[in-house]
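target_18.pdb follows (PDB, C-alpha atoms):
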```
ATOM      1  CA  MET B   1      29.135 -35.211  84.953  1.00  0.00           C
ATOM      2  CA  LYS B   2      25.847 -34.150  86.575  1.00  0.00           C
ATOM      3  CA  ILE B   3      23.148 -33.464  83.978  1.00  0.00           C
ATOM      4  CA  ALA B   4      19.718 -31.857  84.493  1.00  0.00           C
ATOM      5  CA  ILE B   5      16.734 -31.887  82.146  1.00  0.00           C
ATOM      6  CA  CYS B   6      14.060 -29.259  82.744  1.00  0.00           C
ATOM      7  CA  ASP B   7      10.891 -29.447  80.636  1.00  0.00           C
ATOM      8  CA  ASP B   8       7.241 -29.274  81.669  1.00  0.00           C
ATOM      9  CA  GLU B   9       6.332 -32.018  79.184  1.00  0.00           C
ATOM     10  CA  SER B  10       7.162 -35.464  80.550  1.00  0.00           C
ATOM     11  CA  LEU B  11       7.341 -36.941  77.048  1.00  0.00           C
ATOM     12  CA  PHE B  12      10.206 -34.642  76.066  1.00  0.00           C
ATOM     13  CA  ARG B  13      12.016 -35.243  79.361  1.00  0.00           C
ATOM     14  CA  SER B  14      11.794 -38.985  78.867  1.00  0.00           C
ATOM     15  CA  ARG B  15      12.878 -38.749  75.219  1.00  0.00           C
ATOM     16  CA  LEU B  16      15.894 -36.602  76.050  1.00  0.00           C
ATOM     17  CA  SER B  17      16.901 -38.788  78.991  1.00  0.00           C
ATOM     18  CA  LYS B  18      16.861 -41.883  76.783  1.00  0.00           C
ATOM     19  CA  SER B  19      18.946 -40.106  74.154  1.00  0.00           C
ATOM     20  CA  ILE B  20      21.542 -39.194  76.799  1.00  0.00           C
ATOM     21  CA  ASP B  21      21.620 -42.822  77.979  1.00  0.00           C
ATOM     22  CA  LEU B  22      22.415 -43.916  74.414  1.00  0.00           C
ATOM     23  CA  PHE B  23      25.484 -41.661  74.308  1.00  0.00           C
ATOM     24  CA  GLU B  24      28.235 -44.243  74.847  1.00  0.00           C
ATOM     25  CA  ILE B  25      30.971 -41.809  75.929  1.00  0.00           C
ATOM     26  CA  LEU B  26      28.834 -40.928  78.951  1.00  0.00           C
ATOM     27  CA  SER B  27      27.972 -44.535  79.786  1.00  0.00           C
ATOM     28  CA  CYS B  28      29.958 -44.269  83.036  1.00  0.00           C
ATOM     29  CA  ASP B  29      30.247 -41.672  85.770  1.00  0.00           C
ATOM     30  CA  LYS B  30      27.167 -39.582  85.057  1.00  0.00           C
ATOM     31  CA  SER B  31      23.814 -38.788  86.637  1.00  0.00           C
ATOM     32  CA  VAL B  32      20.658 -37.377  85.034  1.00  0.00           C
ATOM     33  CA  ASP B  33      17.952 -35.578  87.031  1.00  0.00           C
ATOM     34  CA  GLU B  34      14.624 -34.448  85.601  1.00  0.00           C
ATOM     35  CA  PHE B  35      12.613 -31.356  86.605  1.00  0.00           C
ATOM     36  CA  SER B  36       9.127 -30.389  85.500  1.00  0.00           C
ATOM     37  CA  ASN B  37       9.419 -26.639  86.138  1.00  0.00           C
ATOM     38  CA  GLY B  38      11.962 -23.857  86.477  1.00  0.00           C
ATOM     39  CA  GLN B  39      11.645 -23.350  90.234  1.00  0.00           C
ATOM     40  CA  LEU B  40      12.372 -27.009  90.959  1.00  0.00           C
ATOM     41  CA  LEU B  41      15.463 -26.750  88.767  1.00  0.00           C
ATOM     42  CA  ILE B  42      16.649 -23.599  90.567  1.00  0.00           C
ATOM     43  CA  ASP B  43      16.178 -25.260  93.955  1.00  0.00           C
ATOM     44  CA  GLY B  44      17.945 -28.430  92.794  1.00  0.00           C
ATOM     45  CA  HIS B  45      20.886 -26.492  91.369  1.00  0.00           C
ATOM     46  CA  GLU B  46      21.299 -24.453  94.555  1.00  0.00           C
ATOM     47  CA  LYS B  47      21.356 -27.643  96.618  1.00  0.00           C
ATOM     48  CA  ASP B  48      23.760 -29.637  94.419  1.00  0.00           C
ATOM     49  CA  PRO B  49      24.967 -27.803  91.275  1.00  0.00           C
ATOM     50  CA  PHE B  50      24.779 -29.414  87.860  1.00  0.00           C
ATOM     51  CA  ASP B  51      27.475 -29.403  85.199  1.00  0.00           C
ATOM     52  CA  VAL B  52      25.108 -29.430  82.204  1.00  0.00           C
ATOM     53  CA  ILE B  53      21.481 -28.283  82.031  1.00  0.00           C
ATOM     54  CA  PHE B  54      19.080 -28.966  79.155  1.00  0.00           C
ATOM     55  CA  LEU B  55      16.561 -26.169  79.683  1.00  0.00           C
ATOM     56  CA  ASP B  56      13.262 -25.798  77.837  1.00  0.00           C
ATOM     57  CA  ILE B  57      12.527 -22.111  77.202  1.00  0.00           C
ATOM     58  CA  GLU B  58       8.717 -22.307  77.035  1.00  0.00           C
ATOM     59  CA  MET B  59       7.287 -23.546  80.337  1.00  0.00           C
ATOM     60  CA  ASP B  60       4.358 -22.581  82.529  1.00  0.00           C
ATOM     61  CA  GLY B  61       5.193 -20.611  85.656  1.00  0.00           C
ATOM     62  CA  ILE B  62       8.865 -19.607  85.692  1.00  0.00           C
ATOM     63  CA  SER B  63      10.033 -19.711  82.089  1.00  0.00           C
ATOM     64  CA  GLY B  64      13.293 -21.286  81.022  1.00  0.00           C
ATOM     65  CA  LEU B  65      14.696 -17.823  80.340  1.00  0.00           C
ATOM     66  CA  GLU B  66      13.887 -16.659  83.883  1.00  0.00           C
ATOM     67  CA  ALA B  67      15.264 -19.829  85.455  1.00  0.00           C
ATOM     68  CA  GLY B  68      18.387 -19.635  83.290  1.00  0.00           C
ATOM     69  CA  LYS B  69      19.068 -16.020  84.248  1.00  0.00           C
ATOM     70  CA  LYS B  70      18.793 -16.805  87.952  1.00  0.00           C
ATOM     71  CA  ILE B  71      21.077 -19.826  87.685  1.00  0.00           C
ATOM     72  CA  ARG B  72      23.616 -17.968  85.525  1.00  0.00           C
ATOM     73  CA  SER B  73      23.782 -15.030  87.965  1.00  0.00           C
ATOM     74  CA  ALA B  74      25.088 -17.420  90.631  1.00  0.00           C
ATOM     75  CA  ASP B  75      27.019 -19.878  88.451  1.00  0.00           C
ATOM     76  CA  LYS B  76      29.209 -18.783  85.540  1.00  0.00           C
ATOM     77  CA  LYS B  77      30.497 -22.288  84.902  1.00  0.00           C
ATOM     78  CA  VAL B  78      27.412 -24.442  84.301  1.00  0.00           C
ATOM     79  CA  LEU B  79      26.792 -25.331  80.647  1.00  0.00           C
ATOM     80  CA  ILE B  80      23.222 -24.394  79.735  1.00  0.00           C
ATOM     81  CA  ILE B  81      21.767 -25.907  76.563  1.00  0.00           C
ATOM     82  CA  LEU B  82      18.495 -24.224  75.637  1.00  0.00           C
ATOM     83  CA  VAL B  83      15.719 -26.277  74.094  1.00  0.00           C
ATOM     84  CA  THR B  84      12.990 -24.496  72.121  1.00  0.00           C
ATOM     85  CA  SER B  85      10.392 -24.954  69.425  1.00  0.00           C
ATOM     86  CA  HIS B  86      10.772 -21.356  68.251  1.00  0.00           C
ATOM     87  CA  ALA B  87      14.100 -19.914  67.122  1.00  0.00           C
ATOM     88  CA  HIS B  88      13.043 -16.304  67.828  1.00  0.00           C
ATOM     89  CA  TYR B  89      13.617 -16.861  71.558  1.00  0.00           C
ATOM     90  CA  MET B  90      17.346 -17.148  70.944  1.00  0.00           C
ATOM     91  CA  LYS B  91      17.832 -13.358  70.821  1.00  0.00           C
ATOM     92  CA  GLN B  92      16.341 -13.060  74.302  1.00  0.00           C
ATOM     93  CA  SER B  93      18.783 -15.553  75.804  1.00  0.00           C
ATOM     94  CA  PHE B  94      22.093 -13.635  75.608  1.00  0.00           C
ATOM     95  CA  LYS B  95      22.177 -12.902  79.346  1.00  0.00           C
ATOM     96  CA  ILE B  96      22.009 -16.630  80.055  1.00  0.00           C
ATOM     97  CA  GLU B  97      25.185 -17.159  77.982  1.00  0.00           C
ATOM     98  CA  PRO B  98      23.993 -20.538  76.673  1.00  0.00           C
ATOM     99  CA  PHE B  99      26.476 -23.146  75.573  1.00  0.00           C
ATOM    100  CA  ASP B 100      24.208 -24.146  72.689  1.00  0.00           C
ATOM    101  CA  TYR B 101      20.628 -24.406  71.406  1.00  0.00           C
ATOM    102  CA  ILE B 102      18.548 -27.383  70.350  1.00  0.00           C
ATOM    103  CA  THR B 103      15.320 -26.969  68.404  1.00  0.00           C
ATOM    104  CA  LYS B 104      12.401 -29.352  68.882  1.00  0.00           C
ATOM    105  CA  PRO B 105      11.857 -31.888  67.449  1.00  0.00           C
ATOM    106  CA  TYR B 106      15.439 -33.113  67.770  1.00  0.00           C
ATOM    107  CA  GLU B 107      17.298 -36.245  66.727  1.00  0.00           C
ATOM    108  CA  ASP B 108      19.622 -38.380  68.851  1.00  0.00           C
ATOM    109  CA  LYS B 109      22.572 -37.229  66.716  1.00  0.00           C
ATOM    110  CA  GLU B 110      21.937 -33.574  67.682  1.00  0.00           C
ATOM    111  CA  ILE B 111      21.902 -34.470  71.372  1.00  0.00           C
ATOM    112  CA  HIS B 112      25.068 -36.552  71.032  1.00  0.00           C
ATOM    113  CA  ASP B 113      26.880 -33.806  69.099  1.00  0.00           C
ATOM    114  CA  VAL B 114      26.206 -31.190  71.753  1.00  0.00           C
ATOM    115  CA  LEU B 115      26.990 -33.651  74.562  1.00  0.00           C
ATOM    116  CA  GLY B 116      30.337 -34.433  72.954  1.00  0.00           C
ATOM    117  CA  ARG B 117      31.264 -30.751  72.928  1.00  0.00           C
ATOM    118  CA  ALA B 118      29.889 -30.252  76.434  1.00  0.00           C
ATOM    119  CA  LEU B 119      32.026 -33.151  77.647  1.00  0.00           C
ATOM    120  CA  ARG B 120      35.101 -31.520  76.094  1.00  0.00           C
ATOM    121  CA  LYS B 121      34.254 -28.237  77.823  1.00  0.00           C
ATOM    122  CA  TYR B 122      33.545 -30.005  81.109  1.00  0.00           C
ATOM    123  CA  SER B 123      36.900 -31.805  80.927  1.00  0.00           C
ATOM    124  CA  ASP B 124      38.717 -28.543  80.219  1.00  0.00           C
ATOM    125  CA  GLN B 125      37.052 -26.862  83.184  1.00  0.00           C
ATOM    126  CA  ASN B 126      37.791 -29.682  85.610  1.00  0.00           C
ATOM    127  CA  LYS B 127      41.269 -30.876  84.623  1.00  0.00           C
ATOM    128  CA  LYS B 128      43.788 -30.366  87.434  1.00  0.00           C
ATOM    129  CA  ILE B 129      47.574 -30.063  87.446  1.00  0.00           C
ATOM    130  CA  GLU B 130      50.110 -30.217  90.275  1.00  0.00           C
ATOM    131  CA  LEU B 131      52.821 -27.576  90.644  1.00  0.00           C
ATOM    132  CA  LYS B 132      55.776 -27.938  92.987  1.00  0.00           C
ATOM    133  CA  TRP B 133      57.610 -25.033  94.586  1.00  0.00           C
ATOM    134  CA  LYS B 134      60.130 -25.170  97.438  1.00  0.00           C
ATOM    135  CA  GLY B 135      58.846 -28.479  98.759  1.00  0.00           C
ATOM    136  CA  ASN B 136      55.167 -27.511  98.531  1.00  0.00           C
ATOM    137  CA  THR B 137      52.620 -28.873  96.075  1.00  0.00           C
ATOM    138  CA  HIS B 138      49.866 -26.680  94.640  1.00  0.00           C
ATOM    139  CA  VAL B 139      46.891 -28.217  92.813  1.00  0.00           C
ATOM    140  CA  LEU B 140      45.349 -25.911  90.213  1.00  0.00           C
ATOM    141  CA  ASN B 141      42.140 -26.337  88.278  1.00  0.00           C
ATOM    142  CA  VAL B 142      43.106 -25.725  84.645  1.00  0.00           C
ATOM    143  CA  GLY B 143      39.829 -23.899  84.068  1.00  0.00           C
ATOM    144  CA  ASN B 144      40.899 -21.239  86.609  1.00  0.00           C
ATOM    145  CA  ILE B 145      44.250 -20.427  84.953  1.00  0.00           C
ATOM    146  CA  VAL B 146      44.085 -17.143  83.009  1.00  0.00           C
ATOM    147  CA  TYR B 147      47.621 -17.381  81.616  1.00  0.00           C
ATOM    148  CA  ILE B 148      51.129 -18.613  82.354  1.00  0.00           C
ATOM    149  CA  ASN B 149      54.057 -16.220  82.174  1.00  0.00           C
ATOM    150  CA  ILE B 150      57.823 -16.720  82.159  1.00  0.00           C
ATOM    151  CA  GLU B 151      59.457 -14.434  84.701  1.00  0.00           C
ATOM    152  CA  GLU B 152      63.216 -14.709  85.037  1.00  0.00           C
ATOM    153  CA  ARG B 153      63.848 -18.437  85.719  1.00  0.00           C
ATOM    154  CA  TYR B 154      60.342 -19.176  86.947  1.00  0.00           C
ATOM    155  CA  LEU B 155      56.817 -19.699  85.666  1.00  0.00           C
ATOM    156  CA  LEU B 156      53.959 -17.663  87.085  1.00  0.00           C
ATOM    157  CA  PHE B 157      50.466 -19.173  86.900  1.00  0.00           C
ATOM    158  CA  VAL B 158      47.993 -16.273  86.994  1.00  0.00           C
ATOM    159  CA  THR B 159      44.541 -17.447  88.073  1.00  0.00           C
ATOM    160  CA  LYS B 160      41.087 -15.845  88.114  1.00  0.00           C
ATOM    161  CA  SER B 161      41.915 -14.417  91.524  1.00  0.00           C
ATOM    162  CA  LYS B 162      44.899 -12.073  91.209  1.00  0.00           C
ATOM    163  CA  ALA B 163      45.678 -12.842  94.851  1.00  0.00           C
ATOM    164  CA  SER B 164      46.315 -16.423  93.784  1.00  0.00           C
ATOM    165  CA  ILE B 165      49.429 -16.386  91.599  1.00  0.00           C
ATOM    166  CA  VAL B 166      51.386 -19.615  91.805  1.00  0.00           C
ATOM    167  CA  LYS B 167      55.104 -19.755  91.085  1.00  0.00           C
ATOM    168  CA  CYS B 168      56.965 -22.885  90.045  1.00  0.00           C
ATOM    169  CA  THR B 169      60.008 -24.076  88.163  1.00  0.00           C
ATOM    170  CA  GLY B 170      59.647 -25.738  84.783  1.00  0.00           C
ATOM    171  CA  GLN B 171      59.532 -25.142  81.054  1.00  0.00           C
ATOM    172  CA  LEU B 172      56.722 -23.300  79.310  1.00  0.00           C
ATOM    173  CA  ASP B 173      57.121 -25.724  76.393  1.00  0.00           C
ATOM    174  CA  HIS B 174      55.951 -28.537  78.687  1.00  0.00           C
ATOM    175  CA  TYR B 175      52.724 -26.738  79.628  1.00  0.00           C
ATOM    176  CA  ASP B 176      52.221 -25.681  76.020  1.00  0.00           C
ATOM    177  CA  ARG B 177      52.061 -29.361  74.996  1.00  0.00           C
ATOM    178  CA  LEU B 178      49.962 -30.287  78.041  1.00  0.00           C
ATOM    179  CA  LEU B 179      47.366 -27.504  77.863  1.00  0.00           C
ATOM    180  CA  THR B 180      46.963 -26.673  74.166  1.00  0.00           C
ATOM    181  CA  PRO B 181      44.339 -29.450  73.804  1.00  0.00           C
ATOM    182  CA  HIS B 182      42.394 -27.730  76.601  1.00  0.00           C
ATOM    183  CA  GLY B 183      41.926 -24.316  75.000  1.00  0.00           C
ATOM    184  CA  PHE B 184      45.328 -22.715  75.660  1.00  0.00           C
ATOM    185  CA  PHE B 185      47.495 -20.952  73.069  1.00  0.00           C
ATOM    186  CA  ARG B 186      51.160 -19.904  73.050  1.00  0.00           C
ATOM    187  CA  CYS B 187      50.715 -16.344  71.761  1.00  0.00           C
ATOM    188  CA  HIS B 188      54.268 -15.243  72.614  1.00  0.00           C
ATOM    189  CA  LYS B 189      57.492 -16.887  73.754  1.00  0.00           C
ATOM    190  CA  SER B 190      56.682 -15.642  77.272  1.00  0.00           C
ATOM    191  CA  TYR B 191      52.926 -16.273  77.430  1.00  0.00           C
ATOM    192  CA  LEU B 192      50.614 -19.269  77.311  1.00  0.00           C
ATOM    193  CA  ILE B 193      47.028 -18.012  77.557  1.00  0.00           C
ATOM    194  CA  ASN B 194      43.673 -19.599  78.321  1.00  0.00           C
ATOM    195  CA  MET B 195      41.431 -18.511  75.423  1.00  0.00           C
ATOM    196  CA  GLU B 196      38.402 -18.735  77.710  1.00  0.00           C
ATOM    197  CA  PHE B 197      39.617 -15.514  79.386  1.00  0.00           C
ATOM    198  CA  VAL B 198      40.317 -13.422  76.275  1.00  0.00           C
ATOM    199  CA  SER B 199      38.249 -10.211  76.501  1.00  0.00           C
ATOM    200  CA  ALA B 200      39.555  -8.312  73.474  1.00  0.00           C
ATOM    201  CA  ILE B 201      42.236  -8.352  70.793  1.00  0.00           C
ATOM    202  CA  LYS B 202      43.738  -4.992  69.873  1.00  0.00           C
ATOM    203  CA  GLY B 203      46.578  -4.774  67.386  1.00  0.00           C
ATOM    204  CA  LYS B 204      49.446  -6.820  68.769  1.00  0.00           C
ATOM    205  CA  THR B 205      47.975  -7.162  72.251  1.00  0.00           C
ATOM    206  CA  ILE B 206      45.434  -9.387  73.982  1.00  0.00           C
ATOM    207  CA  ILE B 207      43.341  -8.015  76.842  1.00  0.00           C
ATOM    208  CA  MET B 208      42.554 -10.737  79.347  1.00  0.00           C
ATOM    209  CA  ALA B 209      39.445 -10.903  81.536  1.00  0.00           C
ATOM    210  CA  ASN B 210      41.434  -9.806  84.601  1.00  0.00           C
ATOM    211  CA  GLY B 211      42.585  -6.636  82.794  1.00  0.00           C
ATOM    212  CA  ASP B 212      46.135  -7.771  82.057  1.00  0.00           C
ATOM    213  CA  ILE B 213      47.437  -6.819  78.601  1.00  0.00           C
ATOM    214  CA  LEU B 214      49.678  -9.377  76.904  1.00  0.00           C
ATOM    215  CA  SER B 215      51.670  -9.251  73.678  1.00  0.00           C
ATOM    216  CA  ILE B 216      51.095 -11.366  70.573  1.00  0.00           C
ATOM    217  CA  SER B 217      54.196 -12.108  68.558  1.00  0.00           C
ATOM    218  CA  THR B 218      53.927 -10.973  64.936  1.00  0.00           C
ATOM    219  CA  ARG B 219      54.498 -14.455  63.535  1.00  0.00           C
ATOM    220  CA  LYS B 220      51.815 -15.926  65.837  1.00  0.00           C
ATOM    221  CA  LYS B 221      49.011 -13.411  65.268  1.00  0.00           C
ATOM    222  CA  ARG B 222      47.330 -15.000  62.257  1.00  0.00           C
ATOM    223  CA  GLU B 223      47.533 -18.471  63.825  1.00  0.00           C
ATOM    224  CA  PHE B 224      46.136 -17.126  67.094  1.00  0.00           C
ATOM    225  CA  LEU B 225      43.184 -15.371  65.440  1.00  0.00           C
ATOM    226  CA  SER B 226      42.279 -18.560  63.603  1.00  0.00           C
ATOM    227  CA  ALA B 227      42.584 -20.694  66.764  1.00  0.00           C
ATOM    228  CA  TYR B 228      40.601 -18.211  68.841  1.00  0.00           C
ATOM    229  CA  ASN B 229      37.764 -17.947  66.328  1.00  0.00           C
ATOM    230  CA  GLU B 230      37.484 -21.733  66.228  1.00  0.00           C
ATOM    231  CA  PHE B 231      37.567 -21.963  70.034  1.00  0.00           C
ATOM    232  CA  ALA B 232      34.990 -19.186  70.549  1.00  0.00           C
ATOM    233  CA  THR B 233      32.615 -20.707  68.019  1.00  0.00           C
ATOM    234  CA  LYS B 234      32.684 -24.156  69.580  1.00  0.00           C
ATOM    235  CA  TYR B 235      33.374 -23.795  73.274  1.00  0.00           C
ATOM    236  CA  LYS B 236      33.293 -20.308  74.716  1.00  0.00           C
ATOM    237  CA  VAL B 237      30.381 -19.704  77.100  1.00  0.00           C
TER     238      VAL B 237
END
```
Rendering of file as structure tokens:
Amino acid sequence: MKIAICDDESLFRSRLSKSIDLFEILSCDKSVDEFSNGQLLIDGHEKDPFDVIFLDIEMDGISGLEAGKKIRSADKKVLIILVTSHAHYMKQSFKIEPFDYITKPYEDKEIHDVLGRALRKYSDQNKKIELKWKGNTHVLNVGNIVYINIEERYLLFVTKSKASIVKCTGQLDHYDRLLTPHGFFRCHKSYLINMEFVSAIKGKTIIMANGDILSISTRKKREFLSAYNEFATKYKV
């Protein structure tokens, strides 16, 4: 996991970096880079993108809001955690689609809580599965799967790009068990959906981000609404 800290006050950068170092789950396989202004962060992200950015809103020069908007316009995946001393800035940050907010002064526990959830989101986005079809192996990033559909005797994996639909043999029950911990839900006997890509829920149908309309079984609707609300509150960017 590549983490960036952007704050024009060196004391806060140092404090946050130390707090991240104390987070035991991230004790291996991570890097932390510090930036003193928004433009340096933008340049650094363009050169080698980060997975998580702690971004101070109030900075001289390019503000955190401006830097966040520019980064978000080019990268829909990065998890941006806004840091501010004033809660009223939160309403201005919707276009950045922040993963979370932290208010100064903060405690180590707050940083560790949000890092734990960011790690879960990061893992969901980067988990990969292998699918075999007619002697060929396809590797799919779980975070790119919109939904899985049973069609005749096959499974169709519909990804963010409609041109990239992968077919394979197998049981939907298997992928239900494998992917439910990563934000998927079996809304119908024929569909396993990625809740990240739910755009709207209308009656007994779910409208996915790619425009496809899928059915919710009557007996699953209440369970789905509960699961989706919990997912959206905690993890949806």
Expected selection from the PyMOL selection byres ((chain B and resi 106-110) around 12), given as number ranges by chain: B: 12, 15-23, 81, 83-85, 100-105, 111-117
Just write the chosen residues, C-alpha atoms, as an mmCIF file, in the frame of the given file.
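So the final result, stored in selection.cif, reads:
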```cif
data_model
loop_
_atom_site.group_PDB
_atom_site.id
_atom_site.type_symbol
_atom_site.label_atom_id
_atom_site.label_comp_id
_atom_site.auth_asym_id
_atom_site.auth_seq_id
_atom_site.Cartn_x
_atom_site.Cartn_y
_atom_site.Cartn_z
ATOM 1 C CA PHE B 12 10.206 -34.642 76.066
ATOM 2 C CA ARG B 15 12.878 -38.749 75.219
ATOM 3 C CA LEU B 16 15.894 -36.602 76.050
ATOM 4 C CA SER B 17 16.901 -38.788 78.991
ATOM 5 C CA LYS B 18 16.861 -41.883 76.783
ATOM 6 C CA SER B 19 18.946 -40.106 74.154
ATOM 7 C CA ILE B 20 21.542 -39.194 76.799
ATOM 8 C CA ASP B 21 21.620 -42.822 77.979
ATOM 9 C CA LEU B 22 22.415 -43.916 74.414
ATOM 10 C CA PHE B 23 25.484 -41.661 74.308
ATOM 11 C CA ILE B 81 21.767 -25.907 76.563
ATOM 12 C CA VAL B 83 15.719 -26.277 74.094
ATOM 13 C CA THR B 84 12.990 -24.496 72.121
ATOM 14 C CA SER B 85 10.392 -24.954 69.425
ATOM 15 C CA ASP B 100 24.208 -24.146 72.689
ATOM 16 C CA TYR B 101 20.628 -24.406 71.406
ATOM 17 C CA ILE B 102 18.548 -27.383 70.350
ATOM 18 C CA THR B 103 15.320 -26.969 68.404
ATOM 19 C CA LYS B 104 12.401 -29.352 68.882
ATOM 20 C CA PRO B 105 11.857 -31.888 67.449
ATOM 21 C CA ILE B 111 21.902 -34.470 71.372
ATOM 22 C CA HIS B 112 25.068 -36.552 71.032
ATOM 23 C CA ASP B 113 26.880 -33.806 69.099
ATOM 24 C CA VAL B 114 26.206 -31.190 71.753
ATOM 25 C CA LEU B 115 26.990 -33.651 74.562
ATOM 26 C CA GLY B 116 30.337 -34.433 72.954
ATOM 27 C CA ARG B 117 31.264 -30.751 72.928
#
```
Selection result for the PyMOL selection byres ((chain B and resi 45-54) around 6) on this file, as a list in words: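 On the file shown, the PyMOL selection byres ((chain B and resi 45-54) around 6) covers Lys2, Ile3, Ala4, Ile5, Ile42, Asp43, Gly44, Leu55, Val78, Leu79, Ile80, Ile81 and Leu82 of chain B.
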Name the residues captured by the PyMOL selection byres ((chain B and resi 222-232) around 12) when it is applied to the shown file; answer as an MDAnalysis selection string. chainID B and resid 99 117 120:121 180:188 192:206 215:221 233:237
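Close contacts of Gly38 (chain B), defined as residues with an atom at most 7 Å away when counting all atoms listed in the file, with chain neighbours fewer than 3 positions off set aside, comprise Cys6, Leu41, Ile42, Ile62, Ser63, Gly64 and Ala67 of chain B.
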Listed atoms of region 174-182 of chain B, axis-aligned box, 5 Å per side: centre and edge lengths to one decimal in Å, as lines of an AutoDock Vina configuration file?
```
center_x = 49.2
center_y = -28.0
center_z = 76.7
size_x = 23.6
size_y = 14.6
size_z = 15.8
```
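Here CA of Lys160 (chain B) stands at a distance of 24.3 Å from CA of Gly135 (chain B).
Among the candidates B:Asn144, B:Leu11, B:Leu119, B:Lys132, the residue lying nearest to Lys76 (chain B) is B:Asn144 (atoms considered: only C-alpha atoms).
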Enter the distance from CA of Glu9 (chain B) to CA of Ser36 (chain B), in Å, rounded to one decimal. 7.1 Å
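Between CA of Trp133 (chain B) and CA of Ile145 (chain B) the separation is 17.1 Å.
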B:Ser93, B:Thr169, B:Asn126, B:Ser190: which is nearest Arg72 (chain B), counting all atoms listed in the file?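 Checking each of B:Ser93, B:Thr169, B:Asn126, B:Ser190 against Arg72 (chain B), counting all atoms listed in the file, the winner is B:Ser93.
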Select, from B:Ser31, B:Asn37, B:Asn136, B:Asn149, the residue with the minimum atom-to-atom distance to Lys189 (chain B), counting all atoms listed in the file. B:Asn149
Would it be fine to have region 128-140 of chain B, with N, CA and C atoms, given as a CSV table (one decimal), in the first residue's frame?
```csv
chain,number,residue,atom,x,y,z
B,128,LYS,N,-7.3,-10.5,-6.9
B,128,LYS,CA,-7.5,-11.0,-8.2
B,128,LYS,C,-7.9,-12.5,-8.2
B,129,ILE,N,-8.7,-12.9,-9.2
B,129,ILE,CA,-9.1,-14.3,-9.3
B,129,ILE,C,-8.8,-14.7,-10.7
B,130,GLU,N,-8.5,-16.1,-10.8
B,130,GLU,CA,-8.2,-16.7,-12.1
B,130,GLU,C,-9.5,-17.4,-12.6
B,131,LEU,N,-9.8,-17.2,-13.9
B,131,LEU,CA,-10.9,-17.9,-14.5
B,131,LEU,C,-10.4,-18.7,-15.7
B,132,LYS,N,-10.9,-19.9,-15.8
B,132,LYS,CA,-10.4,-20.8,-16.9
B,132,LYS,C,-11.5,-21.1,-17.9
B,133,TRP,N,-11.2,-20.9,-19.2
B,133,TRP,CA,-12.2,-21.2,-20.3
B,133,TRP,C,-11.5,-21.7,-21.5
B,134,LYS,N,-11.9,-22.9,-21.9
B,134,LYS,CA,-11.4,-23.6,-23.1
B,134,LYS,C,-9.8,-23.5,-23.2
B,135,GLY,N,-9.2,-23.8,-22.1
B,135,GLY,CA,-7.7,-23.9,-22.1
B,135,GLY,C,-7.0,-22.6,-21.8
B,136,ASN,N,-7.8,-21.5,-21.7
B,136,ASN,CA,-7.2,-20.2,-21.5
B,136,ASN,C,-7.5,-19.8,-20.1
B,137,THR,N,-6.5,-19.0,-19.5
B,137,THR,CA,-6.7,-18.5,-18.2
B,137,THR,C,-6.8,-16.9,-18.2
B,138,HIS,N,-7.9,-16.4,-17.6
B,138,HIS,CA,-8.1,-15.0,-17.5
B,138,HIS,C,-7.9,-14.6,-16.0
B,139,VAL,N,-7.2,-13.5,-15.8
B,139,VAL,CA,-7.0,-13.0,-14.5
B,139,VAL,C,-7.8,-11.7,-14.4
B,140,LEU,N,-8.7,-11.6,-13.4
B,140,LEU,CA,-9.6,-10.5,-13.2
B,140,LEU,C,-9.3,-9.8,-11.9
```
